[in-house]
Every structure is written in C-alpha cells, then in structure tokens.
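Printed here is work-v1.json (JSON, C-alpha atoms):
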```
[["chain", "number", "residue", "atom", "x", "y", "z"],
["A", 70, "MET", "CA", 80.70, 135.06, 192.14],
["A", 71, "PHE", "CA", 77.94, 134.50, 189.55],
["A", 72, "THR", "CA", 80.38, 133.06, 187.04],
["A", 73, "ARG", "CA", 81.78, 130.62, 189.60],
["A", 74, "ALA", "CA", 78.25, 129.55, 190.53],
["A", 75, "ALA", "CA", 77.39, 129.00, 186.85],
["A", 76, "ARG", "CA", 80.52, 126.93, 186.34],
["A", 77, "TYR", "CA", 79.73, 124.77, 189.40],
["A", 78, "MET", "CA", 76.11, 124.25, 188.34],
["A", 79, "SER", "CA", 77.21, 123.38, 184.82],
["A", 80, "LYS", "CA", 79.64, 120.81, 186.19],
["A", 81, "VAL", "CA", 76.91, 119.26, 188.37],
["A", 82, "LEU", "CA", 74.52, 119.04, 185.41],
["A", 83, "SER", "CA", 77.17, 117.57, 183.13],
["A", 84, "TYR", "CA", 77.16, 114.23, 185.00],
["A", 85, "PRO", "CA", 73.52, 113.30, 184.31],
["A", 86, "GLY", "CA", 73.90, 114.90, 180.88],
["A", 87, "ASP", "CA", 76.77, 112.52, 180.13],
["A", 88, "VAL", "CA", 74.68, 109.55, 181.27],
["A", 89, "LEU", "CA", 71.77, 110.54, 179.03],
["A", 90, "SER", "CA", 74.11, 111.13, 176.09],
["A", 91, "GLY", "CA", 75.67, 107.71, 176.69],
["A", 92, "ALA", "CA", 72.21, 106.13, 176.75],
["A", 93, "ALA", "CA", 71.46, 107.80, 173.42],
["A", 94, "MET", "CA", 74.66, 106.41, 171.90],
["A", 95, "VAL", "CA", 73.83, 102.90, 173.11],
["A", 96, "ALA", "CA", 70.30, 103.26, 171.75],
["A", 97, "MET", "CA", 71.65, 104.43, 168.39],
["A", 98, "ALA", "CA", 74.02, 101.46, 168.17],
["A", 99, "PHE", "CA", 71.14, 99.14, 169.09],
["A", 100, "VAL", "CA", 68.87, 100.61, 166.39],
["A", 101, "MET", "CA", 71.58, 100.29, 163.74],
["A", 102, "LEU", "CA", 72.35, 96.68, 164.63],
["A", 103, "ALA", "CA", 68.71, 95.65, 165.07],
["A", 104, "VAL", "CA", 67.53, 97.16, 161.79],
["A", 105, "SER", "CA", 70.52, 95.72, 159.88],
["A", 106, "LEU", "CA", 69.93, 92.29, 161.38],
["A", 107, "ASP", "CA", 66.21, 92.49, 160.65],
["A", 108, "VAL", "CA", 66.81, 93.45, 157.01],
["A", 109, "LEU", "CA", 69.41, 90.66, 156.60],
["A", 110, "ILE", "CA", 67.14, 88.03, 158.11],
["A", 111, "ARG", "CA", 64.18, 89.16, 155.99],
["A", 112, "TYR", "CA", 66.38, 88.94, 152.89],
["A", 113, "LEU", "CA", 67.59, 85.45, 153.82],
["A", 114, "ALA", "CA", 64.05, 84.40, 154.69],
["A", 115, "LYS", "CA", 62.88, 85.47, 151.25],
["A", 116, "ILE", "CA", 65.68, 83.53, 149.53],
["A", 117, "LEU", "CA", 65.48, 80.41, 151.71],
["A", 118, "GLY", "CA", 61.70, 80.41, 152.06],
["A", 119, "PHE", "CA", 61.12, 80.66, 155.80],
["A", 120, "SER", "CA", 59.29, 83.27, 157.83],
["A", 121, "PRO", "CA", 61.39, 85.98, 159.52],
["A", 122, "PRO", "CA", 61.92, 84.96, 163.18],
["A", 123, "ILE", "CA", 62.63, 88.38, 164.74],
["A", 124, "LEU", "CA", 59.46, 89.93, 166.08],
["A", 125, "GLY", "CA", 59.18, 93.21, 167.94],
["A", 126, "ILE", "CA", 62.19, 94.97, 166.42],
["A", 127, "TRP", "CA", 60.05, 97.96, 165.49],
["A", 128, "ASP", "CA", 58.64, 98.20, 169.02],
["A", 129, "LEU", "CA", 62.16, 98.34, 170.43],
["A", 130, "ASP", "CA", 63.29, 100.80, 167.76],
["A", 131, "TYR", "CA", 60.32, 103.05, 168.50],
["A", 132, "LEU", "CA", 61.27, 103.21, 172.19],
["A", 133, "ALA", "CA", 64.97, 103.61, 171.39],
["A", 134, "PHE", "CA", 64.27, 106.64, 169.20],
["A", 135, "VAL", "CA", 62.80, 108.45, 172.21],
["A", 136, "VAL", "CA", 66.14, 107.93, 174.00],
["A", 137, "ILE", "CA", 68.08, 109.02, 170.89],
["A", 138, "VAL", "CA", 66.09, 112.25, 170.51],
["A", 139, "TRP", "CA", 65.75, 113.36, 174.13],
["A", 140, "GLY", "CA", 68.97, 111.93, 175.61],
["A", 141, "PRO", "CA", 71.66, 114.29, 174.29],
["A", 142, "MET", "CA", 69.57, 117.50, 174.45],
["A", 143, "ALA", "CA", 70.80, 118.59, 177.90],
["A", 144, "MET", "CA", 74.46, 118.06, 177.06],
["A", 145, "THR", "CA", 73.98, 119.94, 173.80],
["A", 146, "ALA", "CA", 72.53, 122.90, 175.72],
["A", 147, "LEU", "CA", 75.30, 122.79, 178.35],
["A", 148, "MET", "CA", 77.98, 122.84, 175.67],
["A", 149, "GLY", "CA", 76.20, 125.61, 173.75],
["A", 150, "ARG", "CA", 76.01, 123.44, 170.63],
["A", 151, "HIS", "CA", 72.27, 123.71, 170.07],
["A", 152, "ILE", "CA", 71.05, 125.45, 166.94],
["A", 153, "ALA", "CA", 70.92, 129.18, 167.55],
["A", 154, "MET", "CA", 70.34, 131.97, 165.10],
["A", 155, "ASP", "CA", 72.60, 134.54, 166.71],
["A", 156, "PHE", "CA", 73.76, 136.40, 163.60],
["A", 157, "LEU", "CA", 71.48, 139.29, 164.55],
["A", 158, "LEU", "CA", 72.25, 139.10, 168.27],
["A", 159, "GLU", "CA", 75.99, 139.59, 167.75],
["A", 160, "LYS", "CA", 75.34, 142.91, 165.97],
["A", 161, "PHE", "CA", 74.04, 144.50, 169.19],
["A", 162, "PRO", "CA", 76.26, 146.40, 171.63],
["A", 163, "ARG", "CA", 77.45, 144.53, 174.73],
["A", 164, "LEU", "CA", 74.73, 145.35, 177.29],
["A", 165, "PRO", "CA", 71.67, 144.95, 175.03],
["A", 166, "ARG", "CA", 73.15, 141.69, 173.70],
["A", 167, "LEU", "CA", 73.69, 140.35, 177.21],
["A", 168, "GLY", "CA", 70.19, 141.48, 178.22],
["A", 169, "LEU", "CA", 68.71, 139.58, 175.29],
["A", 170, "GLU", "CA", 70.82, 136.52, 176.13],
["A", 171, "LEU", "CA", 69.43, 136.69, 179.66],
["A", 172, "ILE", "CA", 65.84, 136.89, 178.38],
["A", 173, "ILE", "CA", 66.43, 134.03, 175.93],
["A", 174, "SER", "CA", 67.93, 131.80, 178.64],
["A", 175, "LEU", "CA", 65.07, 132.50, 181.06],
["A", 176, "THR", "CA", 62.37, 132.03, 178.41],
["A", 177, "THR", "CA", 63.87, 128.84, 177.00],
["A", 178, "GLY", "CA", 64.46, 127.39, 180.46],
["A", 179, "GLY", "CA", 60.88, 128.16, 181.48],
["A", 180, "MET", "CA", 59.39, 126.73, 178.30],
["A", 181, "MET", "CA", 61.45, 123.53, 178.54],
["A", 182, "GLY", "CA", 60.40, 123.25, 182.18],
["A", 183, "MET", "CA", 56.74, 123.37, 181.12],
["A", 184, "VAL", "CA", 57.37, 120.78, 178.39],
["A", 185, "SER", "CA", 59.04, 118.56, 180.98],
["A", 186, "TRP", "CA", 56.06, 118.88, 183.31],
["A", 187, "ARG", "CA", 53.61, 117.99, 180.52],
["A", 188, "LEU", "CA", 55.73, 114.98, 179.51],
["A", 189, "PHE", "CA", 55.73, 113.82, 183.13],
["A", 190, "VAL", "CA", 51.93, 114.18, 183.37],
["A", 191, "HIS", "CA", 51.54, 112.33, 180.06],
["A", 192, "ALA", "CA", 53.82, 109.53, 181.27],
["A", 193, "LEU", "CA", 51.72, 109.24, 184.43],
["A", 194, "MET", "CA", 48.59, 108.93, 182.30],
["A", 195, "LEU", "CA", 50.25, 106.26, 180.11],
["A", 196, "GLY", "CA", 51.20, 104.32, 183.25],
["A", 197, "GLU", "CA", 47.73, 104.58, 184.81],
["A", 198, "GLN", "CA", 46.02, 103.44, 181.62],
["A", 199, "GLY", "CA", 48.57, 100.66, 181.07],
["A", 200, "ILE", "CA", 49.27, 101.63, 177.46],
["A", 201, "ARG", "CA", 51.87, 99.34, 175.91],
["A", 202, "THR", "CA", 53.61, 98.66, 172.60],
["A", 203, "THR", "CA", 51.77, 96.59, 170.03],
["A", 204, "LEU", "CA", 53.79, 93.40, 169.76],
["A", 205, "LEU", "CA", 56.07, 93.08, 172.77],
["A", 206, "ARG", "CA", 53.61, 94.74, 175.18],
["A", 207, "LEU", "CA", 56.32, 96.96, 176.70],
["A", 208, "PRO", "CA", 55.02, 99.91, 178.78],
["A", 209, "TYR", "CA", 55.41, 103.42, 177.35],
["A", 210, "ALA", "CA", 55.46, 105.13, 180.76],
["A", 211, "PRO", "CA", 59.19, 104.62, 181.57],
["A", 212, "VAL", "CA", 60.17, 106.14, 178.24],
["A", 213, "GLY", "CA", 57.90, 109.10, 179.00],
["A", 214, "TYR", "CA", 59.62, 109.57, 182.37],
["A", 215, "PHE", "CA", 62.98, 109.44, 180.60],
["A", 216, "ALA", "CA", 61.89, 112.17, 178.17],
["A", 217, "ALA", "CA", 60.53, 114.30, 181.04],
["A", 218, "PHE", "CA", 63.78, 113.97, 182.99],
["A", 219, "ALA", "CA", 65.89, 114.80, 179.92],
["A", 220, "CYS", "CA", 63.75, 117.83, 179.18],
["A", 221, "ALA", "CA", 63.98, 119.03, 182.81],
["A", 222, "LEU", "CA", 67.75, 118.69, 182.61],
["A", 223, "MET", "CA", 67.75, 120.76, 179.44],
["A", 224, "ALA", "CA", 65.66, 123.44, 181.17],
["A", 225, "LEU", "CA", 68.21, 123.56, 183.97],
["A", 226, "ALA", "CA", 71.03, 123.73, 181.41],
["A", 227, "PHE", "CA", 69.50, 126.89, 179.95],
["A", 228, "LEU", "CA", 68.90, 128.34, 183.41],
["A", 229, "VAL", "CA", 72.60, 127.80, 184.23],
["A", 230, "LYS", "CA", 73.36, 130.42, 181.58],
["A", 231, "VAL", "CA", 71.52, 133.04, 183.70],
["A", 232, "PRO", "CA", 74.18, 133.49, 186.43],
["A", 233, "GLU", "CA", 76.92, 133.36, 183.76],
["A", 234, "THR", "CA", 75.23, 136.18, 181.82],
["A", 235, "VAL", "CA", 74.68, 138.17, 185.03],
["A", 236, "GLY", "CA", 78.40, 137.77, 185.72],
["A", 237, "LYS", "CA", 79.18, 139.18, 182.27],
["A", 238, "ILE", "CA", 76.80, 142.10, 182.87],
["A", 239, "ARG", "CA", 78.47, 142.83, 186.21],
["A", 240, "LYS", "CA", 81.87, 142.53, 184.47],
["A", 241, "GLU", "CA", 83.21, 139.83, 186.74],
["A", 242, "PRO", "CA", 86.83, 139.19, 185.74],
["A", 243, "GLU", "CA", 86.32, 135.49, 185.00],
["A", 244, "ALA", "CA", 83.32, 136.11, 182.74],
["A", 245, "VAL", "CA", 84.84, 139.10, 180.95],
["A", 246, "GLY", "CA", 88.08, 137.25, 180.21],
["A", 247, "LYS", "CA", 86.14, 134.30, 178.80],
["A", 248, "THR", "CA", 83.98, 136.62, 176.69],
["A", 249, "GLN", "CA", 87.03, 138.44, 175.33],
["A", 250, "GLU", "CA", 88.67, 135.12, 174.39],
["A", 251, "VAL", "CA", 85.53, 133.94, 172.56],
["A", 252, "GLU", "CA", 85.16, 137.26, 170.74],
["A", 253, "ALA", "CA", 88.85, 137.19, 169.70],
["A", 254, "VAL", "CA", 88.46, 133.67, 168.30],
["A", 255, "GLN", "CA", 85.31, 134.73, 166.42],
["A", 256, "ARG", "CA", 87.14, 137.74, 164.93],
["A", 257, "ILE", "CA", 90.02, 135.52, 163.80],
["A", 258, "GLU", "CA", 87.59, 133.02, 162.24],
["A", 259, "LYS", "CA", 85.81, 135.83, 160.38],
["A", 260, "MET", "CA", 89.13, 137.16, 159.08],
["A", 261, "LYS", "CA", 90.11, 133.68, 157.89],
["A", 262, "GLY", "CA", 86.75, 133.28, 156.17],
["A", 263, "SER", "CA", 86.97, 136.65, 154.39],
["A", 264, "SER", "CA", 90.51, 136.03, 153.15],
["A", 265, "ALA", "CA", 89.65, 132.64, 151.62]]
```
Rewrite the coordinates I just gave you, this time as structure tokens.
Amino acid sequence: MFTRAARYMSKVLSYPGDVLSGAAMVAMAFVMLAVSLDVLIRYLAKILGFSPPILGIWDLDYLAFVVIVWGPMAMTALMGRHIAMDFLLEKFPRLPRLGLELIISLTTGGMMGMVSWRLFVHALMLGEQGIRTTLLRLPYAPVGYFAAFACALMALAFLVKVPETVGKIRKEPEAVGKTQEVEAVQRIEKMKGSSA
C-alpha cells in the first residue's frame, strides 16, 4: 500500500521534474553558445577594430545559471542520484537504517520546503521593488519563482521517500523485493571491486 503510493507520487512528480530538467538543459546550451559567440565576436572586434555588438549576454547568462542550478534538483532527488554520504548508514541493521532514512527524508523535505518558502518570499520582494538586471533591465522575480517552484518540487521528492521507507519497515512485498534486489547488486559490485 505505502510502496504503491510512493511509486504513484514519484511518477506524478517526475513530469514537472522532467520539464525543469529540460529547461536546465536548454539553459546550459544557451549559455555555452552565447559565451562562445561573445568570445568570438570580442576576438574579431579586437582584430578588425570595431566595438563588440552583443550587449547583455552576461545578464542572460546570470539568469540562465539559476535555471541550470535549480532545474534538475528535483529529478536528481527522485532518481536518488543526489550526493549522499551513506557509507555509515549501510553499516546499521535493517530497522535502525530504515528509521534513519525516514528521519533524513522528513528533515530534508522540511528544510527544502522552508528554503522554497523563503525563495518565494524573496521573489515577491524582488517583484514589488521592481529589481531588474543591469543592462537588459529584465526582472529577477520570475527567476526567483522558478527557483522556489524547483525547490518545492525537490522537497516533495524527498517526502515521497517517506511512504516508500514505511513500506520497507512494514515489510510490504513490493518494497522488500526491491530492497533485496538493490542489496544484491551492491554486494556484487563490492565483490567485483575487491577482486580487481
């Protein structure tokens, strides 16, 4: 029951997570092309003796980096690919390890929820004060809302782990089978590493 609910919630969250990750990839491609073009034009301008015509590249790059940093965070958390120092956690017996995983998921989800709220409040303040970029005069508020939404999605991604962990604690067949498969793969990887 809990495992099925976690799987459903994870699937629901994966759609906006994919969109944010896609936005980050587009932003990354834009930054690479814009910076390369800017450097090339500055180099040609120096050789040919004219002033560089592209203005505002750094304003756009600055805003794009917000999308690059915050965009893929939720998908990373959903896939379990975030940086985690679990070498100590895996030494614990099953129930204490699952209890700690539950506490970590709840704490991280709550903290990311608070960060999301503060980002939203900060974006509201930026919008009310009309703060904009230096050269192109683009508003900062929409980028702040983007970061707040991405952070809220990441908080939900960590909270999705809660019913999955409860399912493992209750020894639901779906969760236990998945856990046994993961542990078997980890044991095989350790044996391969020690033999090399």
So which one's closest to Cys220 of chain A, A:Leu207, A:Leu89, A:Leu193, A:Met94? Using only C-alpha atoms, please. A:Leu89
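Between atom CA of Lys261 of chain A and atom CA of Arg166 of chain A lies a distance of 24.5 Å.
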Env of segment 228-236 of chain A: 8 Å cut, atoms = all atoms listed in the file, seq-sep filter 2 positions within chain, self excluded. Answer as a ChimeraX atom specification. /A:70-72,74-76,78-79,167,170-171,174-175,178,224-226,238-241,244
One decimal, in Å: what's the spacing between atom CA of Leu205 of chain A and atom CA of Gly86 of chain A? 29.3 Å
May I ask which of the residues A:Val184, A:Met142, A:Val136, A:Ile126 is the closest one to Val108 of chain A, counting all atoms listed in the file? A:Ile126
Determine, counting all atoms listed in the file, which protein, DNA and RNA residues have an atom within 8 Å of an atom of Asp128 of chain A; residues of the same chain fewer than 6 positions away are not included. Present the result as an MDAnalysis selection string. chainID A and resid 202:205
Between atom CA of Ala133 of chain A and atom CA of Leu195 of chain A, what is the spacing in Å?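 Going from atom CA of Leu195 of chain A over to atom CA of Ala133 of chain A covers 17.3 Å.
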I'd like to know which of A:Ala153, A:Leu102, A:Val212, A:Met97 is closest to Leu132 of chain A, using only C-alpha atoms. A:Val212
Need to verify the contact set: Leu169 of chain A, 8 Å, only C-alpha atoms, exclusion of same-chain residues closer than 4 positions in sequence. Can you return it as a list in words? Leu158, Pro165 and Ile173 of chain A
Based on the selection just made, write C-alpha atoms of those residues as a PDB file, in the frame of the given file.
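That gives us out.pdb:
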```pdb
ATOM      1  CA  LEU A 158      72.250 139.100 168.270  1.00  0.00           C
ATOM      2  CA  PRO A 165      71.670 144.950 175.030  1.00  0.00           C
ATOM      3  CA  ILE A 173      66.430 134.030 175.930  1.00  0.00           C
TER       4      ILE A 173
END
```
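Residue nearest Pro211 of chain A within the list A:Met194, A:Val81, A:Ala98, A:Ile123: A:Met194 [criterion: smallest interatomic distance, only C-alpha atoms].
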Judged by all atoms listed in the file, the minimum distance to Gly91 of chain A among A:Phe156, A:Trp139, A:Tyr214, A:Tyr112 is found for A:Trp139
Hey, which of A:Lys160, A:Ile200, A:Phe215, A:Pro85 ends up closest to Phe134 of chain A? Count all atoms listed in the file.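 Going through A:Lys160, A:Ile200, A:Phe215, A:Pro85 one by one, the smallest distance to Phe134 of chain A is for A:Phe215.
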